[in-house]
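Asks: PDB, C-alpha atoms, file input08.pdb:
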```pdb
MODEL        1
ATOM      1  CA  MET A1219      40.367 145.346-131.574
ATOM      2  CA  LEU A1220      37.855 145.446-128.737
ATOM      3  CA  ASN A1221      34.357 144.305-129.660
ATOM      4  CA  ALA A1222      31.273 146.215-128.447
ATOM      5  CA  GLN A1223      29.181 143.088-127.933
ATOM      6  CA  ARG A1224      31.880 141.514-125.770
ATOM      7  CA  LEU A1225      32.005 144.731-123.755
ATOM      8  CA  ARG A1226      28.253 144.259-123.194
ATOM      9  CA  VAL A1227      28.946 140.732-121.927
ATOM     10  CA  LEU A1228      31.606 142.027-119.515
ATOM     11  CA  ARG A1229      29.221 144.692-118.248
ATOM     12  CA  GLU A1230      26.503 142.089-117.632
ATOM     13  CA  VAL A1231      28.849 139.629-115.881
ATOM     14  CA  LEU A1232      29.961 142.348-113.471
ATOM     15  CA  ALA A1233      26.387 143.581-112.969
ATOM     16  CA  GLN A1234      25.077 140.076-112.232
ATOM     17  CA  GLY A1235      28.112 138.778-110.332
ATOM     18  CA  SER A1236      28.254 135.414-112.118
ATOM     19  CA  PHE A1237      28.575 133.880-115.555
ATOM     20  CA  SER A1238      25.359 131.883-115.198
ATOM     21  CA  GLU A1239      23.262 134.917-114.186
ATOM     22  CA  ALA A1240      24.788 136.967-117.000
ATOM     23  CA  ALA A1241      23.982 134.179-119.467
ATOM     24  CA  SER A1242      20.387 134.135-118.258
ATOM     25  CA  ALA A1243      20.065 137.935-118.518
ATOM     26  CA  LEU A1244      21.556 137.987-122.023
ATOM     27  CA  ASN A1245      19.717 134.857-123.178
ATOM     28  CA  TYR A1246      23.098 133.260-123.946
ATOM     29  CA  THR A1247      24.477 129.891-122.977
ATOM     30  CA  GLN A1248      26.999 129.968-120.145
ATOM     31  CA  SER A1249      29.689 128.652-122.504
ATOM     32  CA  ALA A1250      29.004 131.559-124.898
ATOM     33  CA  VAL A1251      29.536 134.041-122.046
ATOM     34  CA  SER A1252      32.752 132.260-120.994
ATOM     35  CA  GLN A1253      34.019 132.299-124.573
ATOM     36  CA  ALA A1254      33.216 136.008-124.981
ATOM     37  CA  ILE A1255      35.128 136.867-121.789
ATOM     38  CA  ALA A1256      38.091 134.653-122.792
ATOM     39  CA  THR A1257      38.258 136.376-126.192
ATOM     40  CA  LEU A1258      38.007 139.802-124.556
ATOM     41  CA  GLU A1259      40.851 138.930-122.170
ATOM     42  CA  ALA A1260      42.951 137.785-125.135
ATOM     43  CA  GLU A1261      42.202 141.065-126.928
ATOM     44  CA  ALA A1262      43.053 143.069-123.804
ATOM     45  CA  GLY A1263      46.200 141.040-123.079
ATOM     46  CA  VAL A1264      45.501 140.896-119.322
ATOM     47  CA  PRO A1265      43.099 139.024-116.987
ATOM     48  CA  LEU A1266      39.866 140.955-116.518
ATOM     49  CA  LEU A1267      38.031 138.826-113.930
ATOM     50  CA  GLU A1268      38.809 136.909-110.773
ATOM     51  CA  ARG A1269      36.647 133.931-109.827
ATOM     52  CA  ASP A1270      36.189 132.502-106.333
ATOM     53  CA  ARG A1271      33.483 130.906-104.195
ATOM     54  CA  ARG A1272      31.798 134.286-103.711
ATOM     55  CA  GLY A1273      31.376 134.879-107.433
ATOM     56  CA  VAL A1274      33.110 137.006-110.035
ATOM     57  CA  ARG A1275      35.056 140.189-109.326
ATOM     58  CA  PRO A1276      36.919 142.505-111.726
ATOM     59  CA  THR A1277      40.669 142.834-111.702
ATOM     60  CA  SER A1278      41.935 146.397-111.760
ATOM     61  CA  ALA A1279      42.218 146.084-115.542
ATOM     62  CA  GLY A1280      38.698 144.650-115.764
ATOM     63  CA  GLU A1281      37.293 147.478-113.669
ATOM     64  CA  ARG A1282      38.940 150.127-115.851
ATOM     65  CA  LEU A1283      37.890 148.421-119.094
ATOM     66  CA  ASN A1284      34.306 148.152-117.851
ATOM     67  CA  GLU A1285      34.306 151.876-117.055
ATOM     68  CA  HIS A1286      35.449 152.628-120.592
ATOM     69  CA  GLY A1287      32.984 150.059-121.962
ATOM     70  CA  VAL A1288      30.016 151.679-120.226
ATOM     71  CA  ARG A1289      30.955 155.046-121.746
ATOM     72  CA  ILE A1290      31.450 153.488-125.199
ATOM     73  CA  LEU A1291      28.114 151.657-125.091
ATOM     74  CA  THR A1292      26.356 154.790-123.871
ATOM     75  CA  GLN A1293      27.817 156.700-126.807
ATOM     76  CA  LEU A1294      26.705 154.006-129.241
ATOM     77  CA  ASP A1295      23.167 154.153-127.847
ATOM     78  CA  ALA A1296      23.244 157.949-128.144
ATOM     79  CA  ALA A1297      24.403 157.695-131.763
ATOM     80  CA  GLU A1298      21.540 155.324-132.577
ATOM     81  CA  ALA A1299      19.099 157.689-130.876
ATOM     82  CA  GLU A1300      20.389 160.723-132.784
ATOM     83  CA  LEU A1301      20.206 158.953-136.140
ATOM     84  CA  GLY A1302      16.702 157.807-135.282
ATOM     85  CA  ALA A1303      15.689 161.347-134.384
ATOM     86  CA  ILE A1304      16.992 162.572-137.742
ATOM     87  CA  ALA A1305      15.012 159.901-139.559
ATOM     88  CA  GLY A1306      11.907 160.578-137.458
ATOM     89  CA  VAL A1307       8.954 158.217-137.821
ATOM     90  CA  ARG A1308       9.145 158.231-141.609
ATOM     91  CA  GLY A1309      10.511 154.762-142.254
ATOM     92  CA  GLY A1310      12.606 151.984-140.830
ATOM     93  CA  GLU A1311      11.387 149.169-138.616
ATOM     94  CA  LEU A1312       9.841 148.847-135.185
ATOM     95  CA  ARG A1313      10.434 145.437-133.604
ATOM     96  CA  MET A1314       7.950 144.591-130.870
ATOM     97  CA  ALA A1315       7.189 141.735-128.519
ATOM     98  CA  SER A1316       4.282 140.970-126.209
ATOM     99  CA  PHE A1317       3.003 138.403-123.766
ATOM    100  CA  PRO A1318       0.157 136.432-125.373
ATOM    101  CA  THR A1319      -2.958 137.910-123.754
ATOM    102  CA  ALA A1320      -1.867 141.480-124.512
ATOM    103  CA  GLY A1321      -0.846 140.325-127.985
ATOM    104  CA  ALA A1322      -4.425 139.200-128.592
ATOM    105  CA  THR A1323      -6.150 142.260-127.111
ATOM    106  CA  LEU A1324      -4.228 145.502-126.623
ATOM    107  CA  MET A1325      -1.521 145.139-129.258
ATOM    108  CA  PRO A1326      -3.778 144.708-132.344
ATOM    109  CA  LEU A1327      -5.569 147.973-131.517
ATOM    110  CA  ALA A1328      -2.258 149.781-131.049
ATOM    111  CA  ILE A1329      -0.826 148.365-134.287
ATOM    112  CA  ALA A1330      -3.896 149.457-136.259
ATOM    113  CA  SER A1331      -3.624 153.015-134.861
ATOM    114  CA  PHE A1332       0.117 153.159-135.493
ATOM    115  CA  ARG A1333      -0.176 151.951-139.088
ATOM    116  CA  SER A1334      -2.820 154.551-139.793
ATOM    117  CA  ALA A1335      -0.547 157.321-138.521
ATOM    118  CA  HIS A1336       2.823 155.980-139.717
ATOM    119  CA  PRO A1337       2.333 153.673-142.719
ATOM    120  CA  GLU A1338       5.994 153.898-143.795
ATOM    121  CA  VAL A1339       7.272 152.074-140.696
ATOM    122  CA  ALA A1340       7.568 148.281-140.959
ATOM    123  CA  LEU A1341       6.190 146.579-137.831
ATOM    124  CA  SER A1342       6.988 143.134-136.487
ATOM    125  CA  LEU A1343       5.602 141.343-133.433
ATOM    126  CA  ILE A1344       6.492 138.131-131.622
ATOM    127  CA  GLU A1345       4.864 136.619-128.526
ATOM    128  CA  ASP A1346       6.441 134.987-125.499
ATOM    129  CA  GLU A1347       6.320 135.076-121.721
ATOM    130  CA  PRO A1348       7.825 138.082-119.864
ATOM    131  CA  GLU A1349      10.705 136.085-118.372
ATOM    132  CA  GLU A1350      11.749 135.116-121.914
ATOM    133  CA  LEU A1351      11.236 138.570-123.435
ATOM    134  CA  THR A1352      13.201 140.760-121.019
ATOM    135  CA  PRO A1353      16.679 139.314-121.703
ATOM    136  CA  ARG A1354      16.028 139.395-125.449
ATOM    137  CA  LEU A1355      14.930 143.034-125.197
ATOM    138  CA  ARG A1356      18.060 143.868-123.183
ATOM    139  CA  ASP A1357      20.166 142.183-125.854
ATOM    140  CA  GLY A1358      18.671 144.421-128.557
ATOM    141  CA  GLU A1359      16.432 141.880-130.292
ATOM    142  CA  PHE A1360      13.379 144.165-129.882
ATOM    143  CA  ASP A1361      12.750 147.881-129.539
ATOM    144  CA  LEU A1362       9.717 147.599-127.260
ATOM    145  CA  ALA A1363       8.053 144.798-125.320
ATOM    146  CA  LEU A1364       4.769 144.465-123.440
ATOM    147  CA  ILE A1365       5.290 142.481-120.266
ATOM    148  CA  PHE A1366       3.593 142.117-116.886
ATOM    149  CA  GLU A1367       4.901 142.152-113.333
ATOM    150  CA  PHE A1368       3.467 141.121-109.983
ATOM    151  CA  GLU A1369       3.850 143.164-106.806
ATOM    152  CA  GLY A1370       7.082 142.317-105.004
ATOM    153  CA  THR A1371       8.705 140.386-107.857
ATOM    154  CA  GLY A1372      11.457 142.973-108.424
ATOM    155  CA  GLU A1373      12.502 145.461-111.064
ATOM    156  CA  LEU A1374      13.289 144.743-114.712
ATOM    157  CA  GLY A1375      17.008 144.965-114.015
ATOM    158  CA  PRO A1376      19.808 147.018-115.547
ATOM    159  CA  GLY A1377      19.499 148.404-119.035
ATOM    160  CA  LEU A1378      15.692 148.464-119.224
ATOM    161  CA  ARG A1379      13.030 151.058-118.516
ATOM    162  CA  SER A1380       9.357 150.320-117.856
ATOM    163  CA  THR A1381       6.350 152.560-118.515
ATOM    164  CA  PRO A1382       3.189 151.534-116.585
ATOM    165  CA  LEU A1383       0.131 150.984-118.781
ATOM    166  CA  PHE A1384      -2.661 149.473-116.667
ATOM    167  CA  GLU A1385      -3.532 146.893-114.027
ATOM    168  CA  ASP A1386      -4.889 143.509-115.063
ATOM    169  CA  PRO A1387      -6.693 141.869-112.094
ATOM    170  CA  MET A1388      -6.875 138.085-111.926
ATOM    171  CA  LYS A1389     -10.441 136.843-111.515
ATOM    172  CA  LEU A1390     -11.586 133.621-109.879
ATOM    173  CA  ALA A1391     -13.225 131.223-112.339
ATOM    174  CA  LEU A1392     -15.463 128.486-110.911
ATOM    175  CA  PRO A1393     -17.635 125.774-112.490
ATOM    176  CA  LYS A1394     -21.281 126.864-112.464
ATOM    177  CA  ALA A1395     -22.122 123.963-110.181
ATOM    178  CA  HIS A1396     -19.407 124.791-107.638
ATOM    179  CA  PRO A1397     -20.765 125.205-104.090
ATOM    180  CA  LEU A1398     -19.181 128.667-103.845
ATOM    181  CA  ALA A1399     -20.542 129.924-107.197
ATOM    182  CA  GLY A1400     -22.749 132.906-106.465
ATOM    183  CA  LYS A1401     -21.300 133.458-103.011
ATOM    184  CA  GLU A1402     -20.647 137.156-102.385
ATOM    185  CA  ARG A1403     -17.336 136.799-100.564
ATOM    186  CA  ILE A1404     -14.762 134.133-101.478
ATOM    187  CA  THR A1405     -11.246 134.045-100.047
ATOM    188  CA  LEU A1406      -8.289 131.948-101.140
ATOM    189  CA  LYS A1407      -8.555 129.962 -97.931
ATOM    190  CA  ASP A1408     -12.050 128.837 -99.021
ATOM    191  CA  LEU A1409     -10.410 127.062-102.005
ATOM    192  CA  GLY A1410      -7.810 125.089-100.088
ATOM    193  CA  GLU A1411      -9.451 121.730-100.834
ATOM    194  CA  ASP A1412     -10.226 122.404-104.510
ATOM    195  CA  ALA A1413      -8.420 121.089-107.551
ATOM    196  CA  TRP A1414      -6.757 123.842-109.601
ATOM    197  CA  VAL A1415      -6.274 124.504-113.299
ATOM    198  CA  GLN A1416      -3.420 126.839-114.136
ATOM    199  CA  THR A1417      -0.709 127.732-116.608
ATOM    200  CA  SER A1418       2.498 125.692-116.805
ATOM    201  CA  GLU A1419       4.513 125.420-113.631
ATOM    202  CA  ALA A1420       7.377 127.620-114.884
ATOM    203  CA  SER A1421       5.140 130.535-115.927
ATOM    204  CA  ALA A1422       5.050 133.766-113.929
ATOM    205  CA  CYS A1423       1.284 133.504-113.360
ATOM    206  CA  ALA A1424       1.497 129.933-112.076
ATOM    207  CA  ARG A1425       4.358 130.820-109.730
ATOM    208  CA  HIS A1426       2.340 133.747-108.372
ATOM    209  CA  VAL A1427      -0.758 131.605-107.819
ATOM    210  CA  VAL A1428       1.327 129.050-105.900
ATOM    211  CA  ARG A1429       2.924 131.842-103.864
ATOM    212  CA  ILE A1430      -0.341 133.455-102.764
ATOM    213  CA  CYS A1431      -1.934 130.064-102.022
ATOM    214  CA  ARG A1432       0.992 129.199 -99.771
ATOM    215  CA  ASP A1433       0.616 132.591 -98.074
ATOM    216  CA  ALA A1434      -3.028 131.616 -97.466
ATOM    217  CA  GLY A1435      -1.882 128.414 -95.760
ATOM    218  CA  PHE A1436      -2.206 125.668 -98.371
ATOM    219  CA  GLU A1437      -0.439 124.098-101.341
ATOM    220  CA  PRO A1438      -2.679 124.230-104.451
ATOM    221  CA  ARG A1439      -3.514 120.797-105.845
ATOM    222  CA  VAL A1440      -2.986 121.311-109.584
ATOM    223  CA  SER A1441      -5.001 118.908-111.716
ATOM    224  CA  PHE A1442      -4.356 120.336-115.193
ATOM    225  CA  GLU A1443      -1.975 122.826-116.796
ATOM    226  CA  SER A1444      -2.358 124.787-120.028
ATOM    227  CA  ASP A1445      -0.788 128.000-121.282
ATOM    228  CA  ASP A1446      -3.911 128.656-123.380
ATOM    229  CA  TYR A1447      -6.423 130.503-121.207
ATOM    230  CA  LEU A1448      -9.307 129.385-123.426
ATOM    231  CA  THR A1449      -8.345 125.815-122.583
ATOM    232  CA  VAL A1450      -8.171 126.774-118.896
ATOM    233  CA  GLN A1451     -11.709 128.185-119.128
ATOM    234  CA  GLY A1452     -12.920 125.034-120.862
ATOM    235  CA  LEU A1453     -11.443 122.839-118.135
ATOM    236  CA  VAL A1454     -13.081 124.973-115.442
ATOM    237  CA  ALA A1455     -16.411 124.772-117.271
ATOM    238  CA  ALA A1456     -16.056 120.989-117.383
ATOM    239  CA  GLY A1457     -15.851 120.975-113.607
ATOM    240  CA  VAL A1458     -12.302 119.668-113.198
ATOM    241  CA  GLY A1459     -11.037 122.586-111.115
ATOM    242  CA  VAL A1460     -10.971 126.276-110.267
ATOM    243  CA  ALA A1461      -8.596 128.866-111.738
ATOM    244  CA  LEU A1462      -7.337 132.418-111.432
ATOM    245  CA  ILE A1463      -7.555 134.001-114.891
ATOM    246  CA  PRO A1464      -6.370 137.501-115.873
ATOM    247  CA  GLU A1465      -9.133 139.853-116.929
ATOM    248  CA  LEU A1466      -7.379 140.347-120.293
ATOM    249  CA  ALA A1467      -7.693 136.617-120.989
ATOM    250  CA  LEU A1468     -11.364 136.618-120.020
ATOM    251  CA  SER A1469     -12.006 139.499-122.412
ATOM    252  CA  GLN A1470     -10.863 137.420-125.397
ATOM    253  CA  ALA A1471     -13.855 135.061-125.456
ATOM    254  CA  LEU A1472     -15.964 134.283-122.424
ATOM    255  CA  SER A1473     -17.951 131.593-124.218
ATOM    256  CA  TYR A1474     -17.754 128.931-121.543
ATOM    257  CA  ASP A1475     -20.362 128.381-118.874
ATOM    258  CA  ILE A1476     -18.346 129.411-115.830
ATOM    259  CA  ALA A1477     -18.850 131.663-112.819
ATOM    260  CA  VAL A1478     -16.399 134.568-112.627
ATOM    261  CA  THR A1479     -15.904 136.611-109.474
ATOM    262  CA  GLU A1480     -13.251 138.494-107.512
ATOM    263  CA  LEU A1481     -11.316 137.126-104.580
ATOM    264  CA  ARG A1482     -11.719 138.970-101.301
ATOM    265  CA  PRO A1483     -10.377 140.989 -99.635
ATOM    266  CA  THR A1484      -7.780 141.653-102.369
ATOM    267  CA  ALA A1485      -7.496 140.156-105.844
ATOM    268  CA  PRO A1486      -4.034 139.455-107.295
ATOM    269  CA  VAL A1487      -3.101 141.936-110.023
ATOM    270  CA  ARG A1488      -0.748 141.838-113.003
ATOM    271  CA  HIS A1489       0.884 145.208-113.679
ATOM    272  CA  VAL A1490       1.128 145.585-117.460
ATOM    273  CA  VAL A1491       4.066 147.715-118.593
ATOM    274  CA  ALA A1492       5.829 148.651-121.813
ATOM    275  CA  ALA A1493       9.557 147.971-121.542
ATOM    276  CA  THR A1494      12.236 149.683-123.612
ATOM    277  CA  ARG A1495      16.015 149.677-123.574
ATOM    278  CA  GLY A1496      18.138 152.378-121.936
ATOM    279  CA  SER A1497      17.110 155.262-119.733
ATOM    280  CA  GLY A1498      14.613 156.599-122.266
ATOM    281  CA  VAL A1499      12.777 155.797-125.489
ATOM    282  CA  SER A1500      15.433 156.722-128.069
ATOM    283  CA  LEU A1501      13.778 155.356-131.214
ATOM    284  CA  PRO A1502      11.096 157.783-132.483
ATOM    285  CA  ALA A1503       8.899 154.928-133.743
ATOM    286  CA  ALA A1504       9.053 153.283-130.299
ATOM    287  CA  ALA A1505       8.150 156.586-128.628
ATOM    288  CA  ALA A1506       5.188 156.993-130.991
ATOM    289  CA  MET A1507       4.008 153.440-130.295
ATOM    290  CA  LEU A1508       4.361 154.014-126.562
ATOM    291  CA  ASP A1509       2.056 157.025-126.792
ATOM    292  CA  ILE A1510      -0.503 154.915-128.674
ATOM    293  CA  LEU A1511      -0.247 152.066-126.174
ATOM    294  CA  GLN A1512      -0.871 154.457-123.288
ATOM    295  CA  HIS A1513      -3.945 155.801-125.097
ATOM    296  CA  GLU A1514      -5.321 152.324-125.892
ATOM    297  CA  ALA A1515      -4.549 151.087-122.375
ATOM    298  CA  ARG A1516      -6.991 153.535-120.795
ATOM    299  CA  ARG A1517      -9.928 151.311-121.744
ATOM    300  CA  TYR A1518      -8.500 148.586-119.516
ATOM    301  CA  GLN A1519      -8.038 150.824-116.485
ATOM    302  CA  SER A1520     -10.628 150.588-113.784
TER     303      SER A1520
ENDMDL
END
```
With the file now loaded, output its structure as C-alpha cells.
Replies:
Amino acid sequence: MLNAQRLRVLREVLAQGSFSEAASALNYTQSAVSQAIATLEAEAGVPLLERDRRGVRPTSAGERLNEHGVRILTQLDAAEAELGAIAGVRGGELRMASFPTAGATLMPLAIASFRSAHPEVALSLIEDEPEELTPRLRDGEFDLALIFEFEGTGELGPGLRSTPLFEDPMKLALPKAHPLAGKERITLKDLGEDAWVQTSEASACARHVVRICRDAGFEPRVSFESDDYLTVQGLVAAGVGVALIPELALSQALSYDIAVTELRPTAPVRHVVAATRGSGVSLPAAAAMLDILQHEARRYQS
C-alpha cells in the first residue's frame, strides 16, 4: 500500500531536483530519502525516477504518481483543516517554534495573550535558527514558526506560507571609546579596518553581515563569534570589536556600556514573518495565534 509520507518525499525530490536538496528541505539524511524512494518504487512495482548528471527526473510512472500524490496530500491537509475547524480553538495542541530573539521578546507576550483567551489549548515552543526551522515546519513538526528573512535571500519554498509581522533593523554597536562613537554618519566602508564580533559563521545574520561588507568593498575581520547577543554586546563593550545587532536583541537588556547607532545611508533589516504550512492557516489555534502575533508585533514597527 502506498504511504503518504513517502509520497511527500517523492514530491520534494521532484520539487528540488535532487536527493540531497530534498533531504535538506525535509531535514532528513540523504540515505533516508533514498530508502523512502526505493521503498516507494517497490510498492509501485515500476521505476519512478531517472538519475543523470543534470539531476533527477520523473519517469512517466513517477510523474503520474506524483500528480496523484499531490491530490492525496492536498486532501489530507483539507481533512485536517476541516476537523480542526469543527474542534475550533477549544482544545488540542499548538506547536510553535521561534528564532531566539523573538522567542525572548515577542513570543512571551503572544503566549500570555493566547493563554488568557484560549486556556484549553496546550502550547509548546522550541527555539532554533530559521534555516533549521523551515524544513521541520514543512515536515509537519510545528504548526507555526517565527522566522526572519533578509532582502534578496529568496522565498520560503514550496509548502509554506509567510505572513509579514514587522521589520527588525540591525544597529551598529561600537565600544564607547571607538573613534567613530558619536559620529552622526557612519557607513560600512568606515569600518573596513575594524575587528568584528558576530554570530557563528553558518548563521543567517553572520552570512548577511559578510555579504554586505563584501558589497562595501572589504572582507570583515572577525575576532570573536557568539550566538548569544548579550555576549556579543559584552565583547563590544570590552573593546574587542564592532558588531551589527538586531534591534530585538538590543531590546532584551542593553546593560553594557556601548554606543548604538544606525548605519548610513541604509541599515540592514531582518524581515520577521510567521510561517505556516500550506496555502493558508488551516488550524484554528494557529490562526488565532497569528492574529495575536500581528497585534503584538505592532509595537515593534517603526
Asks: Starting from the point (-6.0, 127.7, -124.7), work out which residues of protein, DNA or RNA have an atom no more than 12 Å away when counting only C-alpha atoms; state them as a ChimeraX atom specification.
Replies: /A:1318-1319,1415-1418,1443-1454,1463,1467-1468,1470-1471
Asks: For region 1263-1367 of chain A against region 1419-1435 of chain A, with a cut-off of 9 Å and counting all atoms listed in the file, what is the closest atom pair and its distance in Å to one decimal for every residue that makes the cut, ordered by chain and number, as CSV?
Replies:
```
residue,atom,partner,partner_atom,distance
A:Glu1347,CA,A:Ser1421,CA,7.5
A:Pro1348,CA,A:Ala1422,CA,7.8
A:Glu1349,CA,A:Ala1422,CA,7.6
A:Phe1366,CA,A:Ala1422,CA,9.0
A:Glu1367,CA,A:Ala1422,CA,8.4
```
Asks: With all atoms listed in the file as the basis for distance, which of A:Pro1382, A:Gly1280, A:Gly1273, A:Pro1265 is at the shortest distance from Leu1225 (chain A)?
Replies: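 Smallest separation from Leu1225 (chain A) among the options: A:Gly1280.
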Asks: For the atom pair CA of Leu1508 (chain A) and CA of Asp1357 (chain A), what is the interatomic distance in Å to one decimal place?
Replies: 19.8 Å
Asks: Give as a VMD selection string the residues that the PyMOL selection byres ((chain A and resi 1254) around 12) matches when applied to the coordinates above.
Replies: chain A and resid 1220 to 1231 1237 1240 to 1241 1246 to 1253 1255 to 1261 1266
Asks: I need the residue set behind the PyMOL selection byres ((chain A and resi 1482) around 6) for this file; please write it as a VMD selection string.
Replies: chain A and resid 1404 to 1405 1481 1483 to 1484
Asks: Using the chain letters and numbers from the file, give me the residues hit by the PyMOL selection byres ((chain A and resi 1376) around 12), as a list in words.
Replies: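 Selection result, ordered by chain and number: Arg1226, Arg1229, Glu1230, Val1231, Leu1232, Ala1233, Gln1234, Ala1240, Ala1243, Leu1244, Thr1352, Pro1353, Leu1355, Arg1356, Asp1357, Gly1372, Glu1373, Leu1374, Gly1375, Gly1377, Leu1378, Arg1379, Ser1380, Ala1493, Thr1494, Arg1495, Gly1496 and Ser1497 of chain A.
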Asks: So the first atom is CA of Asp1475 (chain A) and the second is CA of Arg1488 (chain A); what is the distance between them in Å, to one decimal place?
Replies: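 Separation between CA of Asp1475 (chain A) and CA of Arg1488 (chain A): 24.5 Å.
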Asks: CA of Pro1486 (chain A) and CA of Lys1389 (chain A), how far apart in Å?
Replies: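 Separating CA of Lys1389 (chain A) from CA of Pro1486 (chain A) is a distance of 8.1 Å.
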Asks: Ranking A:Lys1394, A:Pro1502, A:Arg1516, A:Phe1384 by minimum distance to Gly1310 (chain A) and counting all atoms listed in the file, which one comes first?
Replies: A:Pro1502
Asks: Name the closest residue to Leu1406 (chain A) among the candidates A:Ile1365, A:Ala1503, A:Met1325, A:Ala1485; distances are taken between atoms, counting all atoms listed in the file.
Replies: A:Ala1485
Asks: (1.1, 156.3, -126.2) in this file's frame - what residues fall within 12 Å of it? Use only C-alpha atoms and give the answer as a list in words.
Replies: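 Counting only C-alpha atoms, I find these residues within 12 Å of (1.1, 156.3, -126.2): Met1325, Leu1327, Ala1328, Ile1329, Ser1331, Phe1332, Thr1381, Pro1382, Leu1383, Val1491, Ala1492, Val1499, Pro1502, Ala1503, Ala1504, Ala1505, Ala1506, Met1507, Leu1508, Asp1509, Ile1510, Leu1511, Gln1512, His1513, Glu1514, Ala1515 and Arg1516 of chain A.
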Asks: Quick one: of A:Pro1464, A:Ala1477, A:Arg1272, A:Ser1316, who's nearest to Pro1397 (chain A), counting only C-alpha atoms?
Replies: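 Of all the options, A:Ala1477 lies closest to Pro1397 (chain A).
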Asks: At a cut-off of 10 Å, using only C-alpha atoms, what residues contact Glu1311 (chain A)? Leave out same-chain residues fewer than 5 positions from it and give the result as a PyMOL selection string.
Replies: chain A and resi 1338-1342+1361+1501+1503-1504
Asks: Around all the atoms of region 1489-1498 of chain A listed in the file, with 6 Å of room on each side, what axis-aligned box do you get, giving centre and edge lengths in Å to one decimal, as AutoDock Vina command-line options?
Replies:
```
--center_x 9.5 --center_y 150.9 --center_z -118.6 --size_x 29.3 --size_y 23.4 --size_z 21.9
```
Asks: Could you check which of A:Asp1295, A:Asp1408, A:Glu1350, A:Glu1285 is closest to Phe1317 (chain A), using only C-alpha atoms?
Replies: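 Of the candidates, the smallest distance to Phe1317 (chain A) is held by A:Glu1350.
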Asks: Output as a tab-separated table (two decimals), in the coordinates of the input: region 1331-1346 of chain A, completed with N, CA and C atoms.
Replies:
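Below you can see out.tsv, which holds the result:
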```tsv
chain	number	residue	atom	x	y	z
A	1331	SER	N	-3.75	151.56	-135.00
A	1331	SER	CA	-3.62	153.01	-134.86
A	1331	SER	C	-2.28	153.50	-135.38
A	1332	PHE	N	-1.22	152.75	-135.06
A	1332	PHE	CA	0.12	153.16	-135.49
A	1332	PHE	C	0.23	153.13	-137.01
A	1333	ARG	N	-0.27	152.08	-137.63
A	1333	ARG	CA	-0.18	151.95	-139.09
A	1333	ARG	C	-0.94	153.07	-139.80
A	1334	SER	N	-2.05	153.46	-139.21
A	1334	SER	CA	-2.82	154.55	-139.79
A	1334	SER	C	-2.04	155.85	-139.77
A	1335	ALA	N	-1.29	156.07	-138.68
A	1335	ALA	CA	-0.55	157.32	-138.52
A	1335	ALA	C	0.83	157.28	-139.18
A	1336	HIS	N	1.44	156.09	-139.22
A	1336	HIS	CA	2.82	155.98	-139.72
A	1336	HIS	C	2.95	154.78	-140.66
A	1337	PRO	N	2.35	154.84	-141.82
A	1337	PRO	CA	2.33	153.67	-142.72
A	1337	PRO	C	3.70	153.30	-143.28
A	1338	GLU	N	4.68	154.20	-143.21
A	1338	GLU	CA	5.99	153.90	-143.79
A	1338	GLU	C	6.84	152.99	-142.90
A	1339	VAL	N	6.47	152.86	-141.63
A	1339	VAL	CA	7.27	152.07	-140.70
A	1339	VAL	C	6.86	150.61	-140.76
A	1340	ALA	N	7.83	149.72	-140.96
A	1340	ALA	CA	7.57	148.28	-140.96
A	1340	ALA	C	7.49	147.79	-139.52
A	1341	LEU	N	6.41	147.08	-139.19
A	1341	LEU	CA	6.19	146.58	-137.83
A	1341	LEU	C	6.35	145.07	-137.80
A	1342	SER	N	6.93	144.58	-136.71
A	1342	SER	CA	6.99	143.13	-136.49
A	1342	SER	C	6.65	142.86	-135.03
A	1343	LEU	N	6.06	141.69	-134.78
A	1343	LEU	CA	5.60	141.34	-133.43
A	1343	LEU	C	5.81	139.87	-133.20
A	1344	ILE	N	6.41	139.53	-132.06
A	1344	ILE	CA	6.49	138.13	-131.62
A	1344	ILE	C	5.87	138.04	-130.23
A	1345	GLU	N	5.47	136.84	-129.84
A	1345	GLU	CA	4.86	136.62	-128.53
A	1345	GLU	C	5.68	135.63	-127.71
A	1346	ASP	N	5.78	135.90	-126.43
A	1346	ASP	CA	6.44	134.99	-125.50
A	1346	ASP	C	6.12	135.46	-124.09
```
